[in-house]
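Colleague: This is the content of model21.txt (compact mmCIF, C-alpha atoms and all ligand atoms):
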```
# COMPACT_ATOMS: atom_id res chain seq x y z
CA MET D 1 -54.27 20.96 -15.39
CA PRO D 2 -51.42 18.46 -15.64
CA GLU D 3 -49.55 18.22 -12.34
CA LEU D 4 -46.37 16.40 -11.33
CA PRO D 5 -47.68 12.83 -11.97
CA GLU D 6 -48.99 13.67 -15.45
CA VAL D 7 -45.84 15.58 -16.40
CA GLU D 8 -43.68 12.76 -15.01
CA THR D 9 -45.70 10.25 -17.09
CA VAL D 10 -44.87 12.24 -20.23
CA ARG D 11 -41.24 12.74 -19.15
CA SER D 12 -40.47 9.06 -18.60
CA ALA D 13 -42.04 8.05 -21.92
CA LEU D 14 -40.16 10.85 -23.69
CA ALA D 15 -36.88 9.74 -22.12
CA ARG D 16 -37.39 6.26 -23.59
CA GLU D 17 -38.42 7.71 -26.96
CA VAL D 18 -36.10 10.57 -27.86
CA VAL D 19 -32.75 10.31 -26.06
CA THR D 20 -29.91 10.15 -28.69
CA ARG D 21 -32.29 11.27 -31.47
CA LYS D 22 -31.32 14.16 -33.71
CA ILE D 23 -33.78 16.92 -34.59
CA LYS D 24 -34.10 17.46 -38.33
CA THR D 25 -36.83 20.05 -38.69
CA VAL D 26 -39.16 22.05 -36.47
CA THR D 27 -42.47 23.43 -37.70
CA VAL D 28 -44.30 26.10 -35.70
CA ASN D 29 -47.94 26.42 -36.71
CA ASP D 30 -48.86 28.93 -34.03
CA GLY D 31 -46.24 31.31 -32.73
CA ARG D 32 -48.06 31.70 -29.42
CA ALA D 33 -46.76 28.27 -28.41
CA VAL D 34 -43.19 29.64 -28.57
CA ARG D 35 -44.03 33.15 -27.36
CA ARG D 36 -40.84 33.64 -25.33
CA HIS D 37 -38.87 33.71 -28.56
CA LYS D 38 -38.75 36.79 -30.74
CA SER D 39 -39.81 34.67 -33.73
CA ALA D 40 -40.70 31.12 -34.64
CA LYS D 41 -37.51 31.08 -36.72
CA ASP D 42 -35.44 31.90 -33.64
CA PHE D 43 -36.98 28.90 -31.85
CA ARG D 44 -36.46 26.63 -34.87
CA ASP D 45 -32.84 27.64 -35.35
CA LEU D 46 -32.06 26.78 -31.72
CA LEU D 47 -33.36 23.22 -32.20
CA GLU D 48 -32.67 22.08 -35.74
CA GLY D 49 -29.57 19.89 -35.96
CA ARG D 50 -29.38 19.31 -32.20
CA SER D 51 -29.35 15.87 -30.58
CA ILE D 52 -31.17 15.02 -27.37
CA LYS D 53 -29.11 13.94 -24.39
CA GLY D 54 -31.69 13.46 -21.67
CA VAL D 55 -35.15 14.32 -20.40
CA ASP D 56 -35.69 15.64 -16.88
CA ARG D 57 -38.56 17.29 -15.04
CA LEU D 58 -38.82 20.06 -12.50
CA GLY D 59 -42.21 20.85 -11.04
CA LYS D 60 -44.63 20.88 -13.98
CA ASN D 61 -41.86 21.47 -16.54
CA ILE D 62 -40.30 18.92 -18.85
CA VAL D 63 -36.64 19.75 -19.40
CA VAL D 64 -35.03 18.25 -22.51
CA ALA D 65 -31.22 18.48 -22.52
CA LEU D 66 -29.66 19.27 -25.91
CA ASP D 67 -26.13 18.39 -27.01
CA ASN D 68 -24.94 22.02 -26.95
CA GLY D 69 -25.81 22.65 -23.30
CA ASN D 70 -29.15 24.35 -23.99
CA HIS D 71 -32.47 22.93 -22.79
CA LEU D 72 -35.86 22.69 -24.43
CA VAL D 73 -38.46 23.40 -21.74
CA ILE D 74 -42.02 22.16 -22.27
CA HIS D 75 -44.89 23.33 -20.05
CA LEU D 76 -48.28 21.73 -20.71
CA GLY D 77 -50.28 24.60 -19.22
CA MET D 78 -53.94 23.60 -18.90
CA THR D 79 -54.57 21.44 -21.96
CA GLY D 80 -51.17 20.75 -23.50
CA GLN D 81 -50.30 17.37 -24.94
CA VAL D 82 -47.06 15.90 -26.25
CA ARG D 83 -47.74 13.13 -28.74
CA ARG D 84 -45.46 10.91 -30.75
CA ALA D 85 -45.85 9.72 -34.32
CA LYS D 86 -43.85 7.16 -36.29
CA ASN D 87 -43.87 9.42 -39.33
CA ALA D 88 -45.45 12.53 -40.83
CA LYS D 89 -48.32 10.51 -42.30
CA GLU D 90 -49.89 9.78 -38.91
CA PRO D 91 -52.83 12.12 -38.44
CA LYS D 92 -52.05 15.13 -36.28
CA PRO D 93 -54.02 15.81 -33.12
CA LYS D 94 -56.24 18.89 -33.26
CA HIS D 95 -54.50 22.11 -32.21
CA THR D 96 -51.02 20.87 -33.07
CA HIS D 97 -48.92 24.01 -32.74
CA VAL D 98 -45.39 22.63 -32.93
CA ASP D 99 -44.00 19.64 -34.81
CA ILE D 100 -40.51 18.31 -34.14
CA THR D 101 -39.26 15.85 -36.77
CA PHE D 102 -36.26 13.64 -36.08
CA THR D 103 -33.76 12.43 -38.68
CA GLY D 104 -35.40 8.96 -38.65
CA GLY D 105 -38.75 10.50 -39.63
CA GLU D 106 -40.38 10.13 -36.20
CA GLU D 107 -42.23 13.17 -34.91
CA LEU D 108 -43.17 14.79 -31.63
CA ARG D 109 -46.22 16.98 -31.73
CA PHE D 110 -47.21 19.62 -29.20
CA ALA D 111 -50.96 20.19 -29.19
CA ASP D 112 -52.73 22.60 -26.87
CA GLN D 113 -56.35 23.62 -27.16
CA ARG D 114 -56.25 26.56 -24.78
CA LEU D 115 -52.64 27.55 -25.41
CA PHE D 116 -51.59 28.23 -21.85
CA GLY D 117 -48.75 25.79 -22.44
CA GLU D 118 -45.50 26.70 -24.16
CA LEU D 119 -42.12 25.55 -25.41
CA TYR D 120 -38.88 27.49 -25.21
CA VAL D 121 -35.17 26.92 -25.49
CA SER D 122 -33.20 28.00 -22.47
CA ALA D 123 -29.49 28.81 -22.49
CA PRO D 124 -27.38 28.14 -19.39
CA PRO D 125 -26.13 31.21 -17.51
CA ALA D 126 -22.94 32.79 -18.80
CA GLU D 127 -19.67 32.04 -16.99
CA GLY D 128 -19.65 33.84 -13.66
CA GLU D 129 -23.32 34.80 -13.86
CA GLU D 130 -25.19 34.14 -10.62
CA VAL D 131 -28.51 32.30 -10.72
CA GLU D 132 -30.74 33.08 -7.78
CA ILE D 133 -32.21 29.79 -6.65
CA SER D 134 -35.40 29.51 -4.60
CA LYS D 135 -34.66 29.62 -0.87
CA PHE D 136 -37.02 26.68 -0.40
CA ALA D 137 -35.25 24.57 -3.03
CA ARG D 138 -31.94 25.41 -1.34
CA LEU D 139 -33.10 23.43 1.70
CA SER D 140 -32.51 20.31 -0.40
CA ILE D 141 -29.64 18.04 0.61
CA GLY D 142 -29.65 15.86 -2.52
CA GLY D 143 -31.30 14.96 -5.79
CA ASP D 144 -31.00 16.59 -9.21
CA GLY D 145 -33.17 19.63 -8.60
CA LEU D 146 -30.47 22.15 -7.69
CA SER D 147 -28.24 21.37 -10.67
CA LEU D 148 -31.25 21.56 -13.01
CA ARG D 149 -32.13 25.01 -11.65
CA ARG D 150 -28.53 26.17 -12.15
CA GLN D 151 -28.64 25.08 -15.79
CA VAL D 152 -32.11 26.45 -16.57
CA PRO D 153 -32.37 29.92 -15.00
CA GLU D 154 -36.07 30.25 -15.95
CA LEU D 155 -36.81 27.47 -13.43
CA ALA D 156 -34.56 28.66 -10.62
CA HIS D 157 -37.52 30.25 -8.79
CA LEU D 158 -39.30 26.90 -8.38
CA GLY D 159 -39.74 25.63 -4.85
CA ILE D 160 -39.17 22.10 -3.54
CA ASP D 161 -39.84 19.38 -6.13
CA PRO D 162 -41.08 16.35 -4.17
CA PHE D 163 -39.07 13.93 -6.37
CA GLU D 164 -36.06 15.94 -7.47
CA ASP D 165 -35.19 17.62 -4.16
CA GLN D 166 -34.50 15.91 -0.87
CA VAL D 167 -35.85 17.89 2.03
CA GLY D 168 -36.20 16.14 5.39
CA TRP D 169 -39.29 16.57 7.54
CA ASP D 170 -37.56 18.96 9.95
CA ARG D 171 -36.68 21.43 7.20
CA PHE D 172 -40.14 20.94 5.71
CA ALA D 173 -41.50 21.86 9.16
CA ALA D 174 -39.55 25.13 9.07
CA VAL D 175 -41.14 25.97 5.69
CA LEU D 176 -44.67 25.32 6.98
CA ARG D 177 -44.09 27.16 10.24
CA SER D 178 -42.85 30.23 8.39
CA ARG D 179 -46.23 30.65 6.62
CA ARG D 180 -49.45 32.02 8.05
CA VAL D 181 -51.63 30.93 5.14
CA ALA D 182 -53.93 28.01 4.34
CA LEU D 183 -52.22 24.68 3.80
CA LYS D 184 -53.67 24.23 0.32
CA SER D 185 -52.15 27.56 -0.71
CA VAL D 186 -48.74 26.40 0.47
CA LEU D 187 -49.00 23.04 -1.31
CA THR D 188 -50.04 24.63 -4.62
CA ASP D 189 -47.64 27.60 -4.57
CA GLN D 190 -45.05 26.57 -7.19
CA ASP D 191 -42.47 28.85 -5.59
CA ILE D 192 -42.72 26.86 -2.33
CA ILE D 193 -43.49 23.32 -3.52
CA ALA D 194 -43.28 22.67 -7.26
CA GLY D 195 -45.53 20.18 -9.04
CA ILE D 196 -48.69 20.01 -6.94
CA GLY D 197 -51.92 21.54 -8.21
CA ASN D 198 -55.60 21.40 -7.40
CA ILE D 199 -56.21 17.65 -7.72
CA TYR D 200 -53.24 16.31 -5.78
CA ALA D 201 -53.44 19.00 -3.09
CA ASP D 202 -56.95 17.74 -2.26
CA GLU D 203 -55.85 14.10 -2.33
CA ILE D 204 -52.70 14.71 -0.27
CA LEU D 205 -54.61 16.69 2.37
CA PHE D 206 -57.25 13.98 2.62
CA ALA D 207 -54.61 11.26 2.99
CA ALA D 208 -52.83 13.32 5.65
CA GLY D 209 -56.11 14.01 7.49
CA LEU D 210 -55.69 17.78 7.24
CA MET D 211 -58.21 20.46 6.22
CA TYR D 212 -57.33 22.66 3.24
CA ASP D 213 -57.72 25.84 5.29
CA ARG D 214 -55.61 24.87 8.27
CA VAL D 215 -53.10 27.63 8.85
CA SER D 216 -49.74 26.26 7.80
CA GLU D 217 -47.89 27.40 10.93
CA SER D 218 -50.44 25.70 13.23
CA LEU D 219 -49.48 22.11 12.38
CA SER D 220 -48.13 19.84 15.10
CA THR D 221 -44.94 17.86 14.57
CA ILE D 222 -46.95 14.67 14.06
CA GLU D 223 -49.11 16.37 11.43
CA ILE D 224 -46.08 17.78 9.63
CA ARG D 225 -44.39 14.38 9.53
CA ARG D 226 -47.56 12.81 8.20
CA LEU D 227 -47.93 15.45 5.48
CA HIS D 228 -44.25 15.18 4.57
CA ARG D 229 -44.63 11.40 4.14
CA THR D 230 -47.95 11.61 2.30
CA ILE D 231 -46.83 13.97 -0.49
CA PRO D 232 -44.43 11.54 -2.23
CA GLU D 233 -46.70 8.56 -1.45
CA ILE D 234 -49.69 10.01 -3.30
CA LEU D 235 -47.61 11.39 -6.17
CA THR D 236 -45.73 8.09 -6.61
CA GLU D 237 -48.96 6.11 -6.75
CA ALA D 238 -50.41 8.55 -9.28
CA VAL D 239 -47.31 8.19 -11.48
CA LYS D 240 -47.76 4.40 -11.36
CA GLN D 241 -51.29 4.91 -12.67
CA GLY D 242 -50.12 7.16 -15.50
CA GLY D 243 -51.64 10.26 -13.91
CA THR D 244 -55.20 11.53 -13.71
CA THR D 245 -57.49 12.29 -16.64
CA LEU D 246 -60.72 13.91 -15.49
CA ALA D 247 -63.84 13.81 -17.67
CA ASP D 248 -63.51 17.45 -18.73
CA GLU D 249 -59.74 17.44 -19.09
CA MET D 250 -57.35 16.70 -21.87
CA PHE D 251 -54.47 14.86 -20.29
CA VAL D 252 -53.15 11.96 -22.34
CA ASN D 253 -49.74 10.31 -22.58
CA LEU D 254 -47.39 10.21 -25.58
CA ASP D 255 -49.64 7.63 -27.26
CA GLY D 256 -52.86 9.54 -26.63
CA GLU D 257 -54.01 7.31 -23.77
CA PRO D 258 -55.56 8.72 -20.57
CA GLY D 259 -54.24 8.00 -17.08
CA SER D 260 -56.15 5.90 -14.55
CA TYR D 261 -55.60 7.58 -11.20
CA GLN D 262 -59.02 9.26 -11.52
CA ASP D 263 -60.46 5.89 -10.43
CA GLN D 264 -58.55 6.16 -7.16
CA LEU D 265 -59.38 9.72 -6.21
CA GLN D 266 -60.66 9.77 -2.63
CA VAL D 267 -62.25 13.21 -2.54
CA HIS D 268 -61.45 15.28 -5.64
CA THR D 269 -64.54 15.49 -7.92
CA ARG D 270 -66.53 13.30 -5.47
CA GLU D 271 -68.87 15.96 -4.03
CA GLY D 272 -71.85 14.39 -2.25
CA GLN D 273 -70.57 10.84 -2.64
CA PRO D 274 -69.76 8.85 0.51
CA CYS D 275 -66.21 9.12 1.86
CA TYR D 276 -64.48 5.76 1.36
CA GLN D 277 -63.23 5.89 4.96
CA CYS D 278 -66.27 7.03 6.95
CA ARG D 279 -69.28 7.22 4.56
CA THR D 280 -69.79 10.97 5.25
CA PRO D 281 -70.68 12.76 1.98
CA VAL D 282 -67.63 14.48 0.49
CA SER D 283 -67.85 18.30 0.67
CA LYS D 284 -66.94 20.87 -1.94
CA VAL D 285 -66.15 24.55 -1.54
CA VAL D 286 -64.63 27.12 -3.86
CA PHE D 287 -61.34 28.20 -2.35
CA HIS D 288 -59.29 30.87 -4.18
CA GLN D 289 -61.42 30.27 -7.30
CA ARG D 290 -60.63 26.55 -7.33
CA ALA D 291 -63.00 23.70 -6.45
CA THR D 292 -61.77 22.10 -3.25
CA TYR D 293 -62.98 18.72 -2.01
CA PHE D 294 -62.63 17.27 1.48
CA CYS D 295 -64.24 15.07 4.15
CA VAL D 296 -65.33 17.04 7.22
CA LYS D 297 -64.96 13.97 9.42
CA CYS D 298 -61.64 12.56 8.20
CA GLN D 299 -59.83 15.88 7.91
CA GLY D 300 -59.21 18.27 10.77
ZN ZN U 401 -64.35 10.60 5.75
```
Could you write out this structure as structure tokens?
Modeller:
Amino acid sequence: MPELPEVETVRSALAREVVTRKIKTVTVNDGRAVRRHKSAKDFRDLLEGRSIKGVDRLGKNIVVALDNGNHLVIHLGMTGQVRRAKNAKEPKPKHTHVDITFTGGEELRFADQRLFGELYVSAPPAEGEEVEISKFARLSIGGDGLSLRRQVPELAHLGIDPFEDQVGWDRFAAVLRSRRVALKSVLTDQDIIAGIGNIYADEILFAAGLMYDRVSESLSTIEIRRLHRTIPEILTEAVKQGGTTLADEMFVNLDGEPGSYQDQLQVHTREGQPCYQCRTPVSKVVFHQRATYFCVKCQG
């Protein structure tokens, strides 16, 4: 499933591609991709004729700002892809459910084999309407995350975004110490920390030297500071590599190219292979229905 680095890879390419462009037509081939809207026509009418002002990201959501104050939200789900085409003649990827054509003829296509992903247009809250923002996100002292949540109420529940919200290690410590659950559950709970999923949780915990099932509230100050530092380090490096594309997964960028961070994974998908730090074979367990990889020697 695409996580923060993959979604950020798509976001930054989209920002270069579509800002200032005007949407001419929208074609919906499968209404399930726009299921929040009462009809495909409703979705189309909210987009056609609009220009794009900017492209942001919150957690695993791409947030496209339109010139009338609305936002187009794109979630890639498990197998979603956003692809660009110079014109309508370029062959469409399989499972293309939505086609957005700009006035210059360029297209954006949303393809999704399993259809857990979706697109929807979000309207900002009405004047005087309160948006309840995640208590974890409210710990932020800077960044764009809070204003994005205020403009897109559907995303207000999202927890701390490691890039968009600034939360110092001491406040991060308070979050961890308020939870009596396994660390991996905290890292992958989108309502606490937004953007991390199965792959990067394993990699972050390995880099921080912490076991996936350590009880969140049991961490020492040194461990918390290390984890707090490691999260943006790993995610930043993965963004530089264009994200991770595993053998059985579908992630590609706007041009259909895979990422390369899979070559740098330390534990995820490496069951039985020697740990790069200590040569102990990497272990795998199923934790909350998800494959979890770790080194018994390097993580404690
Ligand atoms: Zn090791």
Colleague: Write as JSON, numbers by chain the residues around ligand ZN 401 (chain U), taking 9 Å as the cut-off and counting only C-alpha atoms and all ligand atoms.
Modeller: {"D": [206, 267, 274, 275, 276, 277, 278, 279, 280, 281, 282, 294, 295, 296, 297, 298, 299]}
Colleague: Near D:Ile23, counting only C-alpha atoms, which residues have an atom at most 9 Å away, once you skip same-chain residues fewer than 6 positions from it, shown as a PyMOL selection string?
Modeller: chain D and resi 47-52+100-103
Colleague: Taking (-47.6, 25.4, -22.0) in the file's coordinates as the center, which residues reach within 7 Å of it, counting only C-alpha atoms, put as a PyMOL selection string?
Modeller: chain D and resi 74-77+80+115-119
Colleague: If you measure from atom CA of D:Val18 to atom CA of D:His37, what distance in Å do you get, rounded to one decimal?
Modeller: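 Result for atom CA of D:Val18 versus atom CA of D:His37: 23.3 Å, one decimal.
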Colleague: Using Å and a single decimal, report how far atom CA of D:Leu158 sits from atom CA of D:Asn70.
Modeller: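 That distance, rounded to one decimal, is 18.8 Å.
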Colleague: Can you work out which one of D:Ser218, D:Ser134, D:Thr269, D:Ser185 has the shortest atom-to-atom distance to D:Ile199, counting all atoms listed in the file?
Modeller: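 Among the listed residues, the smallest separation from D:Ile199 belongs to D:Thr269.
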Colleague: Just the residues within 8 Å of D:Val152, please, counting all atoms listed in the file, with nothing from its chain fewer than 6 positions along; format it as a count of residues only.
Modeller: 5
Colleague: Give me the residues near D:Lys184 as number ranges by chain, where near means some atom within 7 Å (using all atoms listed in the file) and where sequence neighbours in that chain fewer than 3 positions away do not count.
Modeller: D: 187-188, 201, 212-213
Colleague: Quick one, how far is atom CA of D:Leu265 from atom CA of D:Val239?
Modeller: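 Computing it gives 13.3 Å between the two atoms.
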Colleague: Could you give me, as a list in words, the residues within 7 Å of D:Thr230, counting only C-alpha atoms and dropping anything in the same chain fewer than 2 positions from it?
Modeller: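 Skipping anything fewer than 2 positions along the chain leaves Ile204, Ala207, Ala208, Arg226, Leu227, His228, Pro232, Glu233 and Ile234 of chain D.
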Colleague: Of the candidates D:Val286, D:Leu148, D:Glu203, D:Glu217, which shows the shortest atom-to-atom distance to D:Ala174, using only C-alpha atoms?
Modeller: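 Among the listed residues, D:Glu217 lies closest to D:Ala174.
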Colleague: Choose the residue, out of D:Gly59, D:Gly105, D:Gly300, D:Gly256, that has the smallest atom-to-atom separation from D:Phe163; count only C-alpha atoms.
Modeller: D:Gly59
Colleague: Quick one: residues within 12 Å of D:Glu129, all atoms listed in the file counted, chain neighbours fewer than 5 positions away excluded, as a VMD selection string?
Modeller: chain D and resid 124 150 to 151 153
Colleague: Give, as AutoDock Vina command-line options, the centre coordinates and the x, y and z edge lengths in Å to one decimal for an axis-aligned box around all listed atoms of stretch 270-288 of chain D, padded by 4 Å on each side.
Modeller:
```
--center_x -65.6 --center_y 18.3 --center_z 0.7 --size_x 20.6 --size_y 33.1 --size_z 20.4
```
Colleague: For stretch 31-116 of chain D versus stretch 240-249 of chain D, which residues have an atom no more than 12 Å away, and what is each residue's nearest atom pair and distance in Å rounded to one decimal, using only C-alpha atoms, chain-then-number order, as JSON lines?
Modeller:
```
{"residue": "D:Gly77", "atom": "CA", "partner": "D:Glu249", "partner_atom": "CA", "distance": 11.9}
{"residue": "D:Met78", "atom": "CA", "partner": "D:Glu249", "partner_atom": "CA", "distance": 8.5}
{"residue": "D:Thr79", "atom": "CA", "partner": "D:Glu249", "partner_atom": "CA", "distance": 7.1}
{"residue": "D:Gly80", "atom": "CA", "partner": "D:Glu249", "partner_atom": "CA", "distance": 10.2}
{"residue": "D:Gln81", "atom": "CA", "partner": "D:Glu249", "partner_atom": "CA", "distance": 11.1}
{"residue": "D:Asp112", "atom": "CA", "partner": "D:Glu249", "partner_atom": "CA", "distance": 11.7}
{"residue": "D:Gln113", "atom": "CA", "partner": "D:Glu249", "partner_atom": "CA", "distance": 10.7}
{"residue": "D:Arg114", "atom": "CA", "partner": "D:Glu249", "partner_atom": "CA", "distance": 11.3}
```
Colleague: Give the answer as one residue: which of D:Asn61, D:Gln262, D:Thr96, D:Asn87 has the shortest atom-to-atom distance to D:Val28, using all atoms listed in the file?
Modeller: D:Thr96
Colleague: Which residue gives the smallest distance to D:Asp30 among D:His95, D:Ile196, D:Gly272, D:Asp170, with only C-alpha atoms counted?
Modeller: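 Smallest separation from D:Asp30 among the options: D:His95.
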Colleague: Within 9 Å of (-47.0, 10.7, -33.7) (coordinates as in the file), grab all the protein and nucleic acid residues, counting all atoms listed in the file, and write them out as a list in words.
Modeller: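 Counting all atoms listed in the file, I find these residues within 9 Å of (-47.0, 10.7, -33.7): Arg83, Arg84, Ala85, Lys86, Asn87, Ala88, Lys89, Glu90, Pro91, Lys92, Pro93, Glu106, Glu107, Leu108, Arg109, Leu254 and Asp255 of chain D.
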Colleague: Please determine, counting all atoms listed in the file, which residue among D:Ala111, D:Ile222, D:Met211, D:Val252 has the shortest atom-to-atom distance to D:Arg32.
Modeller: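 Smallest distance to D:Arg32 is found for D:Ala111.
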Colleague: How would stretch 41-59 of chain D read, as a PDB file, in the frame of the given file, once N, CA and C atoms are built in?
Modeller:
```
ATOM      1  N   LYS D  41     -38.792  31.445 -36.100  1.00  0.00           N
ATOM      2  CA  LYS D  41     -37.510  31.080 -36.720  1.00  0.00           C
ATOM      3  C   LYS D  41     -36.405  30.981 -35.664  1.00  0.00           C
ATOM      4  N   ASP D  42     -36.414  31.904 -34.736  1.00  0.00           N
ATOM      5  CA  ASP D  42     -35.440  31.900 -33.640  1.00  0.00           C
ATOM      6  C   ASP D  42     -35.529  30.581 -32.871  1.00  0.00           C
ATOM      7  N   PHE D  43     -36.753  30.166 -32.560  1.00  0.00           N
ATOM      8  CA  PHE D  43     -36.980  28.900 -31.850  1.00  0.00           C
ATOM      9  C   PHE D  43     -36.473  27.725 -32.683  1.00  0.00           C
ATOM     10  N   ARG D  44     -36.854  27.722 -33.958  1.00  0.00           N
ATOM     11  CA  ARG D  44     -36.460  26.630 -34.870  1.00  0.00           C
ATOM     12  C   ARG D  44     -34.947  26.519 -34.972  1.00  0.00           C
ATOM     13  N   ASP D  45     -34.297  27.654 -35.159  1.00  0.00           N
ATOM     14  CA  ASP D  45     -32.840  27.640 -35.350  1.00  0.00           C
ATOM     15  C   ASP D  45     -32.106  27.096 -34.127  1.00  0.00           C
ATOM     16  N   LEU D  46     -32.706  27.266 -32.942  1.00  0.00           N
ATOM     17  CA  LEU D  46     -32.060  26.780 -31.720  1.00  0.00           C
ATOM     18  C   LEU D  46     -32.200  25.260 -31.574  1.00  0.00           C
ATOM     19  N   LEU D  47     -33.113  24.666 -32.343  1.00  0.00           N
ATOM     20  CA  LEU D  47     -33.360  23.220 -32.200  1.00  0.00           C
ATOM     21  C   LEU D  47     -32.868  22.383 -33.374  1.00  0.00           C
ATOM     22  N   GLU D  48     -33.007  22.917 -34.574  1.00  0.00           N
ATOM     23  CA  GLU D  48     -32.670  22.080 -35.740  1.00  0.00           C
ATOM     24  C   GLU D  48     -31.192  21.698 -35.740  1.00  0.00           C
ATOM     25  N   GLY D  49     -30.935  20.398 -35.954  1.00  0.00           N
ATOM     26  CA  GLY D  49     -29.570  19.890 -35.960  1.00  0.00           C
ATOM     27  C   GLY D  49     -29.058  19.421 -34.608  1.00  0.00           C
ATOM     28  N   ARG D  50     -29.807  19.690 -33.547  1.00  0.00           N
ATOM     29  CA  ARG D  50     -29.380  19.310 -32.200  1.00  0.00           C
ATOM     30  C   ARG D  50     -29.798  17.870 -31.880  1.00  0.00           C
ATOM     31  N   SER D  51     -28.991  17.204 -31.062  1.00  0.00           N
ATOM     32  CA  SER D  51     -29.350  15.870 -30.580  1.00  0.00           C
ATOM     33  C   SER D  51     -29.815  15.979 -29.136  1.00  0.00           C
ATOM     34  N   ILE D  52     -30.603  14.988 -28.720  1.00  0.00           N
ATOM     35  CA  ILE D  52     -31.170  15.020 -27.370  1.00  0.00           C
ATOM     36  C   ILE D  52     -30.372  14.108 -26.442  1.00  0.00           C
ATOM     37  N   LYS D  53     -29.971  14.675 -25.318  1.00  0.00           N
ATOM     38  CA  LYS D  53     -29.110  13.940 -24.390  1.00  0.00           C
ATOM     39  C   LYS D  53     -29.864  13.351 -23.209  1.00  0.00           C
ATOM     40  N   GLY D  54     -30.963  13.974 -22.834  1.00  0.00           N
ATOM     41  CA  GLY D  54     -31.690  13.460 -21.670  1.00  0.00           C
ATOM     42  C   GLY D  54     -32.993  14.217 -21.487  1.00  0.00           C
ATOM     43  N   VAL D  55     -33.867  13.660 -20.675  1.00  0.00           N
ATOM     44  CA  VAL D  55     -35.150  14.320 -20.400  1.00  0.00           C
ATOM     45  C   VAL D  55     -35.396  14.311 -18.895  1.00  0.00           C
ATOM     46  N   ASP D  56     -35.440  15.490 -18.308  1.00  0.00           N
ATOM     47  CA  ASP D  56     -35.690  15.640 -16.880  1.00  0.00           C
ATOM     48  C   ASP D  56     -37.005  16.358 -16.661  1.00  0.00           C
ATOM     49  N   ARG D  57     -37.316  16.586 -15.381  1.00  0.00           N
ATOM     50  CA  ARG D  57     -38.560  17.290 -15.040  1.00  0.00           C
ATOM     51  C   ARG D  57     -38.289  18.096 -13.788  1.00  0.00           C
ATOM     52  N   LEU D  58     -38.862  19.267 -13.725  1.00  0.00           N
ATOM     53  CA  LEU D  58     -38.820  20.060 -12.500  1.00  0.00           C
ATOM     54  C   LEU D  58     -40.188  20.681 -12.326  1.00  0.00           C
ATOM     55  N   GLY D  59     -40.848  20.380 -11.217  1.00  0.00           N
ATOM     56  CA  GLY D  59     -42.210  20.850 -11.040  1.00  0.00           C
ATOM     57  C   GLY D  59     -43.054  20.338 -12.209  1.00  0.00           C
TER      58      GLY D  59
END
```
